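Structure data (PDB, C-alpha atoms) from entry02.pdb:
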```pdb
ATOM      1  CA  ARG A   1       8.105  15.838  95.735
ATOM      2  CA  ALA A   2       7.915  18.867  93.513
ATOM      3  CA  CYS A   3       4.946  19.348  91.177
ATOM      4  CA  PRO A   4       5.914  18.374  87.597
ATOM      5  CA  ARG A   5       4.264  21.596  86.392
ATOM      6  CA  GLY A   6       6.624  23.554  88.648
ATOM      7  CA  CYS A   7       3.988  25.224  90.804
ATOM      8  CA  GLY A   8       4.815  23.899  94.235
ATOM      9  CA  THR A   9       5.187  20.843  96.412
ATOM     10  CA  LEU A  10       2.949  17.793  96.279
ATOM     11  CA  ARG A  11       1.082  16.897  99.460
ATOM     12  CA  ARG A  12       0.075  13.361 100.404
ATOM     13  CA  LEU A  13      -3.626  12.557 100.655
ATOM     14  CA  SER A  14      -5.648   9.438 101.315
ATOM     15  CA  LEU A  15      -9.057   9.462  99.654
ATOM     16  CA  GLY A  16     -11.251   6.387  99.984
ATOM     17  CA  GLY A  17      -8.237   4.184 100.631
ATOM     18  CA  VAL A  18      -6.329   5.591  97.651
ATOM     19  CA  GLU A  19      -2.945   7.113  98.463
ATOM     20  CA  LEU A  20      -2.110  10.004  96.169
ATOM     21  CA  GLU A  21      -0.174  13.228  96.037
ATOM     22  CA  GLU A  22      -1.806  16.491  94.971
ATOM     23  CA  CYS A  23      -0.522  19.916  94.063
ATOM     24  CA  GLY A  24      -2.388  22.604  95.974
ATOM     25  CA  GLN A  25      -1.691  25.136  93.228
ATOM     26  CA  CYS A  26      -2.698  23.412  89.969
ATOM     27  CA  SER A  27      -4.804  20.543  91.447
ATOM     28  CA  GLY A  28      -2.739  17.971  89.568
ATOM     29  CA  VAL A  29      -2.475  14.463  91.030
ATOM     30  CA  TRP A  30       0.416  11.954  91.124
ATOM     31  CA  LEU A  31      -0.304   8.217  91.438
ATOM     32  CA  THR A  32       2.207   5.374  91.597
ATOM     33  CA  PRO A  33       1.659   2.553  89.073
ATOM     34  CA  GLU A  34       0.419   0.158  91.775
ATOM     35  CA  VAL A  35      -2.129   2.621  93.151
ATOM     36  CA  PHE A  36      -3.333   3.566  89.669
ATOM     37  CA  GLN A  37      -3.762  -0.092  88.638
ATOM     38  CA  LYS A  38      -5.646  -0.806  91.861
ATOM     39  CA  LEU A  39      -7.921   2.195  91.307
ATOM     40  CA  CYS A  40      -8.680   1.166  87.704
ATOM     41  CA  ALA A  41      -9.350  -2.447  88.704
ATOM     42  CA  GLU A  42     -11.749  -1.358  91.464
ATOM     43  CA  GLU A  43     -13.617   0.992  89.131
ATOM     44  CA  GLU A  44     -13.852  -1.724  86.480
ATOM     45  CA  ARG A  45     -15.298  -4.165  89.023
ATOM     46  CA  ARG A  46     -17.832  -1.539  90.074
ATOM     47  CA  SER A  47     -18.847  -0.929  86.462
ATOM     48  CA  VAL A  48     -19.459  -4.649  85.928
ATOM     49  CA  PHE A  49     -21.369  -4.940  89.196
ATOM     50  CA  LEU A  50     -23.463  -1.811  88.652
ATOM     51  CA  GLY A  51     -23.802  -2.260  84.894
ATOM     52  CA  ALA A  52     -21.794   0.009  82.654
ATOM     53  CA  GLU A  53     -23.631   2.525  80.516
ATOM     54  CA  LEU A  54     -23.760   1.701  76.826
ATOM     55  CA  GLN A  55     -21.835   4.788  75.809
ATOM     56  CA  ALA A  56     -19.342   6.717  77.884
ATOM     57  CA  ARG A  57     -20.336  10.249  78.742
ATOM     58  CA  HIS A  58     -18.130  12.599  76.852
ATOM     59  CA  THR A  59     -16.662  15.128  79.209
ATOM     60  CA  PRO A  60     -15.074  17.934  77.243
ATOM     61  CA  ALA A  61     -11.328  18.076  77.586
ATOM     62  CA  ALA A  62      -9.927  20.908  79.629
ATOM     63  CA  SER A  63      -8.496  23.486  77.303
ATOM     64  CA  VAL A  64      -4.728  23.323  77.316
ATOM     65  CA  THR A  65      -3.070  26.203  75.548
ATOM     66  CA  THR A  66       0.333  24.581  75.067
ATOM     67  CA  VAL A  67       1.324  20.932  75.186
ATOM     68  CA  ARG A  68       4.313  20.639  77.458
ATOM     69  CA  TYR A  69       6.127  17.469  78.423
ATOM     70  CA  VAL A  70       6.733  17.356  82.147
ATOM     71  CA  PRO A  71       9.415  15.613  84.186
ATOM     72  CA  CYS A  72       8.737  12.666  86.459
ATOM     73  CA  PRO A  73       8.799  13.885  90.071
ATOM     74  CA  ASP A  74      10.941  10.851  91.016
ATOM     75  CA  CYS A  75      13.575  10.450  88.269
ATOM     76  CA  GLY A  76      13.361  13.828  86.505
ATOM     77  CA  LYS A  77      13.090  12.303  83.002
ATOM     78  CA  LEU A  78      10.421  13.689  80.689
ATOM     79  CA  MET A  79       7.282  11.565  80.846
ATOM     80  CA  ASN A  80       5.415  10.123  77.874
ATOM     81  CA  ARG A  81       2.059  11.597  76.965
ATOM     82  CA  VAL A  82      -0.459   8.760  76.593
ATOM     83  CA  ASN A  83      -4.124   8.661  75.618
ATOM     84  CA  PHE A  84      -5.424   6.568  78.519
ATOM     85  CA  GLY A  85      -6.925   3.309  77.261
ATOM     86  CA  LYS A  86      -6.019   4.427  73.719
ATOM     87  CA  ARG A  87      -9.591   5.707  73.287
ATOM     88  CA  SER A  88     -10.525   7.839  76.302
ATOM     89  CA  GLY A  89      -9.443  11.188  74.924
ATOM     90  CA  VAL A  90      -7.699  11.869  78.249
ATOM     91  CA  VAL A  91      -3.988  12.403  77.651
ATOM     92  CA  VAL A  92      -1.964  11.795  80.802
ATOM     93  CA  ASP A  93       1.762  12.059  81.507
ATOM     94  CA  ALA A  94       3.297   8.706  82.432
ATOM     95  CA  CYS A  95       6.638   7.450  83.691
ATOM     96  CA  ALA A  96       6.631   3.668  83.213
ATOM     97  CA  GLN A  97       8.709   3.133  86.347
ATOM     98  CA  HIS A  98       7.364   5.674  88.803
ATOM     99  CA  GLY A  99       3.786   6.743  88.080
ATOM    100  CA  THR A 100       1.254   8.872  86.258
ATOM    101  CA  TRP A 101       0.573  12.600  86.450
ATOM    102  CA  PHE A 102      -2.995  13.785  86.020
ATOM    103  CA  ASP A 103      -3.556  17.460  85.399
ATOM    104  CA  ALA A 104      -6.586  19.016  87.071
ATOM    105  CA  ASP A 105      -9.762  17.019  86.324
ATOM    106  CA  GLU A 106      -8.000  14.296  84.296
ATOM    107  CA  LEU A 107      -8.212  11.691  87.078
ATOM    108  CA  ARG A 108     -11.968  12.219  87.382
ATOM    109  CA  ARG A 109     -12.350  11.849  83.604
ATOM    110  CA  VAL A 110     -10.252   8.652  83.588
ATOM    111  CA  VAL A 111     -12.340   7.198  86.428
ATOM    112  CA  GLU A 112     -15.538   8.063  84.499
ATOM    113  CA  PHE A 113     -14.138   6.349  81.394
ATOM    114  CA  VAL A 114     -13.337   3.199  83.382
ATOM    115  CA  ARG A 115     -16.695   3.215  85.225
ATOM    116  CA  ASP A 116     -18.560   3.531  81.951
ATOM    117  CA  GLY A 117     -16.899   0.374  80.603
ATOM    118  CA  GLY A 118     -14.416   2.244  78.421
ATOM    119  CA  LEU A 119     -11.509  -0.098  79.139
ATOM    120  CA  GLU A 120     -13.533  -3.157  78.187
ATOM    121  CA  ARG A 121     -14.732  -1.469  74.986
ATOM    122  CA  ALA A 122     -11.132  -0.488  74.173
ATOM    123  CA  ARG A 123      -9.979  -4.097  74.734
ATOM    124  CA  ALA A 124     -12.799  -5.433  72.542
ATOM    125  CA  HIS A 125     -11.879  -2.959  69.792
ATOM    126  CA  GLU A 126      -8.224  -3.989  70.001
ATOM    127  CA  ARG A 127      -9.187  -7.694  69.814
ATOM    128  CA  MET A 128     -11.250  -6.978  66.683
ATOM    129  CA  GLU A 129      -8.339  -5.087  65.094
ATOM    130  CA  LEU A 130      -5.923  -7.939  65.872
ATOM    131  CA  GLU A 131      -8.314 -10.518  64.412
ATOM    132  CA  GLU A 132      -8.701  -8.416  61.259
ATOM    133  CA  GLU A 133      -4.904  -8.151  60.950
ATOM    134  CA  ARG A 134      -4.650 -11.949  61.288
ATOM    135  CA  ARG A 135      -7.263 -12.446  58.550
ATOM    136  CA  LEU A 136      -5.455 -10.033  56.224
ATOM    137  CA  LEU A 137      -2.117 -11.729  56.858
ATOM    138  CA  ALA A 138      -3.617 -15.169  56.150
ATOM    139  CA  ALA A 139      -5.184 -13.859  52.930
ATOM    140  CA  LYS A 140      -1.860 -12.365  51.814
ATOM    141  CA  GLN A 141      -0.107 -15.644  52.556
ATOM    142  CA  ASN A 142      -2.719 -17.566  50.542
ATOM    143  CA  ILE A 143      -2.377 -15.193  47.594
ATOM    144  CA  ALA A 144       1.406 -15.503  47.727
ATOM    145  CA  ALA A 145       1.115 -19.301  47.811
ATOM    146  CA  TRP A 146      -1.177 -19.310  44.740
ATOM    147  CA  GLY A 147       1.391 -17.381  42.725
ATOM    148  CA  ALA A 148       4.337 -19.471  43.887
ATOM    149  CA  PRO A 149       5.694 -22.030  41.436
ATOM    150  CA  GLN A 150       4.554 -25.553  42.211
ATOM    151  CA  PRO A 151       6.937 -28.497  42.265
ATOM    152  CA  SER A 152       6.944 -30.604  39.073
ATOM    153  CA  GLN A 153       4.093 -33.078  38.897
ATOM    154  CA  ALA A 154       3.835 -36.333  37.050
ATOM    155  CA  LYS A 155       2.009 -35.856  33.702
ATOM    156  CA  ASP A 156      -0.770 -38.240  34.620
ATOM    157  CA  ALA A 157      -1.300 -36.897  38.155
ATOM    158  CA  GLY A 158      -4.865 -35.843  38.935
ATOM    159  CA  PRO A 159      -5.969 -32.296  39.831
ATOM    160  CA  GLU A 160      -5.620 -33.051  43.526
ATOM    161  CA  ALA A 161      -1.850 -33.231  43.026
ATOM    162  CA  ASN A 162      -1.565 -29.806  41.351
ATOM    163  CA  GLY A 163      -2.033 -27.519  44.365
ATOM    164  CA  ALA A 164      -4.400 -24.789  45.504
ATOM    165  CA  VAL A 165      -4.904 -23.088  42.115
ATOM    166  CA  SER A 166      -5.919 -26.376  40.506
ATOM    167  CA  GLN A 167      -8.332 -27.082  43.324
ATOM    168  CA  ILE A 168     -10.006 -23.698  42.823
ATOM    169  CA  LEU A 169     -10.259 -24.193  39.047
ATOM    170  CA  LEU A 170     -11.722 -27.641  39.587
ATOM    171  CA  ARG A 171     -14.363 -26.267  41.967
ATOM    172  CA  LEU A 172     -15.215 -23.370  39.663
ATOM    173  CA  PHE A 173     -15.339 -25.183  36.320
ATOM    174  CA  GLY A 174     -15.748 -28.825  37.290
ATOM    175  CA  THR A 175     -12.931 -29.899  35.016
ATOM    176  CA  PHE A 176      -9.216 -29.454  34.798
TER     177      PHE A 176
END
```
Exercise: express the given structure as structure tokens:
Amino acid sequence: RACPRGCGTLRRLSLGGVELEECGQCSGVWLTPEVFQKLCAEEERRSVFLGAELQARHTPAASVTTVRYVPCPDCGKLMNRVNFGKRSGVVVDACAQHGTWFDADELRRVVEFVRDGGLERARAHERMELEEERRLLAAKQNIAAWGAPQPSQAKDAGPEANGAVSQILLRLFGTF
């Protein structure tokens, strides 16, 4: 395969049981989706076993002068640029079908993020955001229901028959 950055040919390597392809010129690394998922899962297991640090170490991003979308080495389509884990600060180039391209040092930074419990923190943050969205939606639905016209009630019906607004007034003022 050709390097997505156009500097040469990728060479196959096996490091610690991980099959990858590296460019000898720019030190970029290509991983297939299966290998990348396996690597992340192993690093996450290690972080749980060894105890993740409370805060991820912040490795400064390598200075990139120009953002350039690069083609997938397999299909040739331009890859998406994605902030790994939505919170890592490491922007990688990904082809959903074929794999992920890591520029020099990005794979190490992603592995550090995973080892330090970054994926679990990102998942927890996303769960909190989803729960907050659910609460806001429920509140909006309740407010909309309070303002909605109620079906006609019999004149002698008690407050319990008059809906949510009546129930609130009854609780607040003790009378209807």
Give me the residues within 9 Å of A:Arg12 as an mmCIF file with C-alpha atoms, in the coordinates of the input, counting only C-alpha atoms and dropping any in the same chain fewer than 6 places off.
```
data_model
loop_
_atom_site.group_PDB
_atom_site.id
_atom_site.type_symbol
_atom_site.label_atom_id
_atom_site.label_comp_id
_atom_site.auth_asym_id
_atom_site.auth_seq_id
_atom_site.Cartn_x
_atom_site.Cartn_y
_atom_site.Cartn_z
ATOM 1 C CA GLU A 19 -2.945 7.113 98.463
ATOM 2 C CA LEU A 20 -2.110 10.004 96.169
ATOM 3 C CA GLU A 21 -0.174 13.228 96.037
ATOM 4 C CA GLU A 22 -1.806 16.491 94.971
#
```
Separation of atom CA of A:Leu31 from atom CA of A:Gly118, in Å and rounded to one decimal: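 These two atoms are separated by 20.1 Å.
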A:Trp146, A:Phe84, A:Tyr69, A:Phe113 ranked by distance to A:Gly6, top pick (using all atoms listed in the file):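 Result for the nearest residue to A:Gly6: A:Tyr69.
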When distances are computed from all atoms listed in the file, which of A:Glu44, A:Val67, A:Val29, A:Phe102 shows the smallest separation from A:Asp116? A:Glu44
Name the residues that the PyMOL selection byres ((chain A and resi 87-93) around 10) pulls out of this structure, and write them as a ChimeraX atom specification. /A:4,30,56,58-62,68-72,78-86,94-96,99-103,105-107,109-110,112-114,118-119,121-123,125
So how many Å separate atom CA of A:Cys75 and atom CA of A:Arg5, to one decimal?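 Taking atom CA of A:Cys75 and atom CA of A:Arg5, their separation equals 14.6 Å.
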Can you measure atom CA of A:Arg127 to atom CA of A:Lys38 for me? One decimal in Å is fine.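 These two atoms are separated by 23.4 Å.
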May I ask which of the residues A:Gly28, A:Phe36, A:Ala2, A:Leu13 is the closest one to A:Val111, counting only C-alpha atoms?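 Comparing A:Gly28, A:Phe36, A:Ala2, A:Leu13 against A:Val111, the winner is A:Phe36.
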So, with all atoms listed in the file as the atoms that count, which of A:Arg108, A:Cys23, A:Glu120, A:Leu130 lies closest to A:Ala41?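 Checking each candidate against A:Ala41, we get A:Glu120 as the closest.
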